[in-house]
Amino acid sequence: MEPLLPYVWAGGLLFARIGSVLMLAPGWGESAVPARFRLSAALLATFALAPGLLSSLPAQPPNLGDALFLLIGEILIGLMLGAAARMFMAAASIAGQVTAMHTGLAAAMQFDPMQQGQGNILSTFFSLIAIVVVMAAGVHRWMLEGAVESYSMFPPGVYPNLGDVAEYGVRAFVETFRLGLQIAAPAIAFGLIFNLALGLAARLIPQIQIYFIALPSSIMIGLVVVMIGMGAGFIAWVNAFERFLQTGGGG
């Protein structure tokens, strides 16, 4: 048993970071994915990546305190990487909420399995589309690649600078809202133009019942606008996601 201890230690150290990344990573860490599957995926990823990463790992510390210090650092680095990527998934939900407000569907509520809460129907739809795009574009593979490359940036035992971590998180937060608004841009433009036209019509022809015309027209035309612009919006989203992962939030 004694000769196996270094390998057990190395596997635990790798699992601490890789498992933390996959717990939050898009595709792997969705709440709809069973916890048993996520645990199995993290273990398999650890076994697959171990041969190439063993040389970068420190030897087993002589005491428990140093071992806990290393493990906690690995978990925090993994959570940092996974949480930044998880923020990008919220862009789809933000886009859905903004789109619903401008198309008259803000009151249509439904349980959102991705957010584990109540949300409007377009927010739920956009969240599900985001999962499909993630799996089709291979973002789940990018997260594994990022976890491997993180060992060259943050070797085990080296904590990242807190200022850099804060900047990384702020950039991810800002990008999330920017991309959410970018996906919803066609609906925002439609809402502004449509409401301006309704206001002019109400002033020029006060006899017509604007409310009874506005709501069904807003929903029907708005859904057509969403259908036309949604593809370009999600392409821009996944491209920005890739750039963020490649540059580490910089540039």
# chains A, B, ... in the order shown; residues from 1 in each chain; ligands from 1

$ residues_around --residues "Ala147 in chain A" --least-positions-apart "3" --cutoff "10 Å" --atoms "only C-alpha atoms" --output "mmCIF file with C-alpha atoms, in the first residue's frame"
data_model
loop_
_atom_site.group_PDB
_atom_site.id
_atom_site.type_symbol
_atom_site.label_atom_id
_atom_site.label_comp_id
_atom_site.auth_asym_id
_atom_site.auth_seq_id
_atom_site.Cartn_x
_atom_site.Cartn_y
_atom_site.Cartn_z
ATOM 1 C CA LEU A 14 -5.622 16.533 -9.877
ATOM 2 C CA ARG A 17 -8.884 21.127 -9.572
ATOM 3 C CA ILE A 18 -10.400 19.219 -12.494
ATOM 4 C CA GLY A 19 -13.454 18.178 -10.475
ATOM 5 C CA SER A 20 -14.014 21.771 -9.334
ATOM 6 C CA VAL A 21 -13.863 23.004 -12.927
ATOM 7 C CA LEU A 22 -16.294 20.364 -14.197
ATOM 8 C CA LEU A 49 -5.130 13.627 -17.970
ATOM 9 C CA ILE A 77 -8.432 27.665 -8.729
ATOM 10 C CA GLY A 78 -10.868 25.161 -10.225
ATOM 11 C CA LEU A 81 -12.165 28.894 -13.728
ATOM 12 C CA GLY A 82 -15.540 27.161 -13.633
ATOM 13 C CA ARG A 141 -13.868 20.222 -24.391
ATOM 14 C CA TRP A 142 -12.480 23.746 -24.147
ATOM 15 C CA MET A 143 -13.054 23.628 -20.397
ATOM 16 C CA LEU A 144 -10.944 20.481 -20.075
ATOM 17 C CA SER A 150 -4.062 26.248 -16.030
ATOM 18 C CA TYR A 151 -1.283 24.091 -14.547
ATOM 19 C CA SER A 152 1.280 26.107 -16.502
#

$ residues_around --residues "range 159-163 of chain A" --least-positions-apart "2" --cutoff "12 Å" --atoms "only C-alpha atoms" --output "ChimeraX atom specification"
/A:69-78,80-81,150-151,153-157,165-170

$ atom_distance --atom1 "CA of Ser217 in chain A" --atom2 "CA of Leu128 in chain A"
25.8 Å

$ residues_around --residues "Ala90 in chain A" --least-positions-apart "2" --cutoff "10 Å" --atoms "only C-alpha atoms" --output "PyMOL selection string"
chain A and resi 85-88+92-96+114-115+123+126-127+130+173+176-177+179-180

$ atom_distance --atom1 "CA of Ala48 in chain A" --atom2 "CA of Trp28 in chain A"
16.2 Å

$ residues_around --residues "Phe234 in chain A" --least-positions-apart "4" --cutoff "9 Å" --atoms "only C-alpha atoms" --output "list in words"
Ala92, Ile129, Ala130, Val133, Leu179, Ile183, Gly229, Met230, Val238 and Asn239 of chain A

$ write_last_selection --atoms "N, CA and C atoms" --output "compact mmCIF listing (two decimals), in the first residue's frame"
# COMPACT_ATOMS: atom_id res chain seq x y z
N ALA A 92 -27.45 33.97 -21.75
CA ALA A 92 -28.64 33.51 -22.47
C ALA A 92 -29.90 33.84 -21.70
N ILE A 129 -31.27 26.62 -25.53
CA ILE A 129 -30.52 26.79 -26.77
C ILE A 129 -29.03 26.94 -26.46
N ALA A 130 -28.69 27.66 -25.39
CA ALA A 130 -27.29 27.85 -25.01
C ALA A 130 -26.61 26.51 -24.72
N VAL A 133 -25.87 24.85 -28.02
CA VAL A 133 -24.74 25.50 -28.68
C VAL A 133 -23.43 25.09 -28.01
N LEU A 179 -22.92 40.45 -23.74
CA LEU A 179 -23.37 39.44 -24.68
C LEU A 179 -24.88 39.20 -24.58
N ILE A 183 -27.24 39.54 -27.82
CA ILE A 183 -28.18 38.52 -28.32
C ILE A 183 -29.58 39.11 -28.45
N GLY A 229 -32.93 36.90 -35.79
CA GLY A 229 -31.68 37.40 -35.21
C GLY A 229 -31.03 36.49 -34.19
N MET A 230 -31.72 35.44 -33.74
CA MET A 230 -31.19 34.60 -32.68
C MET A 230 -29.93 33.85 -33.09
N VAL A 238 -20.89 32.51 -28.65
CA VAL A 238 -19.94 31.40 -28.52
C VAL A 238 -18.55 31.82 -28.98
N ASN A 239 -18.46 32.74 -29.96
CA ASN A 239 -17.14 33.25 -30.37
C ASN A 239 -16.50 34.08 -29.27

$ closest_residue --among "A:Glu242, A:Arg38, A:His140, A:Leu79" --to "Ala16 in chain A" --atoms "only C-alpha atoms"
A:Leu79

$ residues_around --residues "range 192-195 of chain A" --least-positions-apart "5" --cutoff "10 Å" --atoms "only C-alpha atoms" --output "list in words"
His102, Thr103, Ala187, Leu200, Ala201, Ala214, Ser217, Ser218, Ile221 and Gly222 of chain A

$ write_last_selection --atoms "C-alpha atoms" --output "CSV table (one decimal), in the first residue's frame"
chain,number,residue,atom,x,y,z
A,102,HIS,CA,-39.7,43.9,-25.7
A,103,THR,CA,-42.0,41.3,-27.3
A,187,ALA,CA,-35.7,42.5,-30.0
A,200,LEU,CA,-47.6,58.0,-33.2
A,201,ALA,CA,-50.6,56.0,-34.2
A,214,ALA,CA,-50.4,46.3,-29.8
A,217,SER,CA,-48.9,42.4,-33.0
A,218,SER,CA,-45.9,42.8,-30.6
A,221,ILE,CA,-43.8,40.3,-35.1
A,222,GLY,CA,-41.4,40.1,-32.1

$ residues_around --residues "Val8 in chain A" --least-positions-apart "6" --cutoff "12 Å" --atoms "only C-alpha atoms" --output "PyMOL selection string"
chain A and resi 1-2+14-15+46-47+50+54+59-60

$ write_last_selection --atoms "N, CA and C atoms" --output "JSON list (two decimals), in the first residue's frame"
[["chain", "number", "residue", "atom", "x", "y", "z"],
["A", 1, "MET", "N", 0.82, -1.21, 0.00],
["A", 1, "MET", "CA", 0.00, 0.00, 0.00],
["A", 1, "MET", "C", 0.86, 1.27, 0.00],
["A", 2, "GLU", "N", 2.00, 1.20, 0.70],
["A", 2, "GLU", "CA", 2.87, 2.37, 0.81],
["A", 2, "GLU", "C", 3.36, 2.88, -0.55],
["A", 14, "LEU", "N", -5.05, 16.25, -8.55],
["A", 14, "LEU", "CA", -5.62, 16.53, -9.88],
["A", 14, "LEU", "C", -7.15, 16.61, -9.82],
["A", 15, "PHE", "N", -7.74, 15.69, -9.09],
["A", 15, "PHE", "CA", -9.20, 15.65, -9.00],
["A", 15, "PHE", "C", -9.74, 16.92, -8.34],
["A", 46, "THR", "N", -9.78, 12.87, -14.81],
["A", 46, "THR", "CA", -8.55, 12.84, -14.00],
["A", 46, "THR", "C", -7.64, 11.71, -14.43],
["A", 47, "PHE", "N", -8.21, 10.52, -14.63],
["A", 47, "PHE", "CA", -7.41, 9.37, -15.07],
["A", 47, "PHE", "C", -6.81, 9.62, -16.46],
["A", 50, "ALA", "N", -4.02, 12.45, -16.16],
["A", 50, "ALA", "CA", -2.94, 12.25, -15.18],
["A", 50, "ALA", "C", -1.57, 11.99, -15.82],
["A", 54, "LEU", "N", 1.42, 14.55, -14.35],
["A", 54, "LEU", "CA", 2.12, 14.07, -13.13],
["A", 54, "LEU", "C", 3.43, 14.81, -12.90],
["A", 59, "ALA", "N", 5.57, 16.77, -4.79],
["A", 59, "ALA", "CA", 5.56, 15.52, -4.02],
["A", 59, "ALA", "C", 4.61, 15.64, -2.83],
["A", 60, "GLN", "N", 4.25, 14.50, -2.29],
["A", 60, "GLN", "CA", 3.34, 14.49, -1.15],
["A", 60, "GLN", "C", 3.98, 15.20, 0.05]]

$ select_by_dssp --residues "range 105-223 of chain A" --states "alpha helix (DSSP H)" --output "ChimeraX atom specification"
/A:121-137,139-153,162-183,185-204,210-223

$ atom_distance --atom1 "CA of Gly146 in chain A" --atom2 "CA of Leu245 in chain A"
7.2 Å
